[in-house]
Amino acid sequence: MSKLWGGRFTKQTNKLVEEYTASIQFDKELAEEDIEGSLAHVQMLSECGVITKNDMEEIKRGLSIVLEKIQSGEFEYDVSHEDIHMNIENALIEEIGPVGGKLHTGRSRNDQVATDMHMYLVKKVKQFITHIELVQEAILTQAEEHLETVLPGYTHLQRAQPVSFAHHILAYFWMFERDKERFQDSLKRSNMLPLGAGALAGTTFPIDRHRTAELLGFDSVYPNSMDAVSDRDFILEFLSNASMLMMHMSRLSEEMVIWSSQEFQFIELDDSFCTGSSIMPQKKNPDVPELLRAKTGRVYGNLFSLLTVLKGLPLAYNKDMQEDKEGMFDTAKTLDGALQLLAPMIATMNVKKENMKQAVNEDYSNATDIADYLVNKGMTFRKSHEMIGKIVLHCIQENKYLLDLSLDEYKKFTPLFEEDVFEILKPYHVMNARKSYGGTSPEQIQNQLNLAKEHLKVEERIT
Ligand code: ARG
């Protein structure tokens with residue numbers, strides 16, 4: 001099989017070398033972007049008078065035949081043509097004859113591949129933004145239902161202070177909001193056209209890169225041809241944003257795993273999102289959040305792998321850069337799966353508010369509130385902290401909770417205690433008392449919910 005670059009060679013390529021250097025096994029994923037880019041390129045070439053209108057039309061006709069074959073699965077990818085660019089160009093020439101050889105005028109695979117990947121990522125990132133919003137909507141719905149559902153809030157995974165379930169889950173709304181903002185912001189940099197940079201230095205043909213950008217919907221054009229073919233920041237930025245998003249989803253997954261355990265029983269995941277055991281008939285395993293948690297590893301790995309590939313590369317294109325693709329595709333697929341499962345998993349989970357309530361009734365997470373109570377009665381916070389610590393110790397020794405002590409027992413510690421202490425110790429009161437901005441009182445959460453809804457609407461307008 002003759003190579004598009006075969007002119008300078010006198011020997012056939014070693015078969016193993018062919019396999020080793022090819023990227024068609026994975027870059028065929030870019031087929032549609034590659035053809036879209038070529039269609040815009042020939043359109044621009046003809047408008048600039050570099051090729052005739054007839055040639056342009058003939059090439060476009062050929063490209064659409066190739067596209068159909070690819071979409072119908074009929075296209076035969078050939079490793080001897082190395083990558084998607086040369087597979088398509090060869091197929092085009094087979095389809096329409098030598099005029100197909102004009103397609104590659106004024107461009108190189110270096111600016112071509114960069115263009116394909118920019119197009120691919122812009123498309124994917126927009127999808128991810130929409131999918132994150134679906135997760136956020138599922139969170140909002142659960143939050144609205146559980147404004148007054150009290151559960152223990154934890155620090156160090158030790159009971160800390162009672163919080164509303166809405167407050168807990170809304171914390172994730174804001175993490176995803178930032179993830180979305182990062183993706184949105186990254187579009188500025190990935191929606192930039194490399195095509196027309198040539199191999200590295202530009203081209204002698206009188207091309208119009210801004211016209212190509214316009215045809216492909218790019219917002220801007222790389223101002224430096226060497227940067228255009230060497231830059232992989234846009235992929236790194238995607239991998240880094242994806243890592244952070246995955247980390248957030250993984251933390252939420254971890255909570256789902258813990259909450260659905262026998263020990264917690266705070267939620268039950270819907271049967272349709274769980275799997276069973278081949279040996280233990282009673283098991284209902286949270287495989288989806290577990291796998292999501294685990295897949296965070298490969299997403300981080302892809303980021304580190306590309307950072308390492310790039311760190312020692314001189315300008316401009318180096319074959320090393322072909323290693324940018326598999327990680328990018330893998331991360332995109334991993335995010336696709338995770339985001340699409342997370343939204344319905346949140347929406348369908350059963351929040352067991354009675355169990356949550358029971359948990360807060362059986363802990364000391366109201367201790368800070370009696371400390372604050374004594375402060376309001378004139379004691380310094382340090383002194384009251386010390387005293388409540390002793391009261392908690394006393395309770396532990398007596399096998400009681402703070403609400404079980406009598407007023408007489410309280411008064412032995414300090415006469416400042418009155419009957420009203422029992423009211424402030426109730427978990428709902430404890431939660432409701434945190435009225436500071438961003439706190440867990442239902443009225444603060446209502447404000448938070450309103451703000452969250454506004455954010456979702458604003459996003460709708462941007463994307
Ligand atoms: N398959 C190549 C890649 O993905 C395309 C660019 C090849 N350029 C070259 N000069 N060999 O990086």
# chains A, B, ... in the order shown; residues from 1 in each chain; ligands from 1

$ residues_near_ligand --ligand "ligand 1" --cutoff "10 Å" --atoms "only C-alpha atoms and all ligand atoms" --output "PyMOL selection string"
chain A and resi 21-24+26-27+82-86+108-114+116-117+199-200+229+316-325

$ select_by_dssp --residues "stretch 297-362 of chain A" --states "helix (DSSP H, G or I)" --output "MDAnalysis selection string"
chainID A and resid 297:310 319:348 353:361

$ closest_residue --among "A:His168, A:Lys383, A:His81, A:His429" --to "A:Ile445" --atoms "only C-alpha atoms"
A:His168

$ select_by_dssp --residues "stretch 225-446 of chain A" --states "strand (DSSP E)" --output "list in words"
Ile267, Glu268, Asn350 and Val351 of chain A

$ residues_around --residues "A:Lys295" --least-positions-apart "2" --cutoff "9 Å" --atoms "only C-alpha atoms" --output "list of chain:residue names"
A:Met246, A:Ser250, A:Glu290, A:Leu291, A:Leu292, A:Arg293, A:Gly297, A:Arg298, A:Val299, A:Tyr300, A:Thr334, A:Ala338

$ closest_residue --among "A:Leu402, A:Ile258, A:Ile88, A:Met249" --to "A:Ile35" --atoms "only C-alpha atoms"
A:Ile88

$ atom_distance --atom1 "atom CA of A:Asn14" --atom2 "atom CA of A:Ser2"
13.3 Å

$ atom_distance --atom1 "atom CA of A:Ala138" --atom2 "atom CA of A:Lys357"
22.7 Å

$ atom_distance --atom1 "atom CA of A:Thr348" --atom2 "atom CA of A:Val135"
12.0 Å
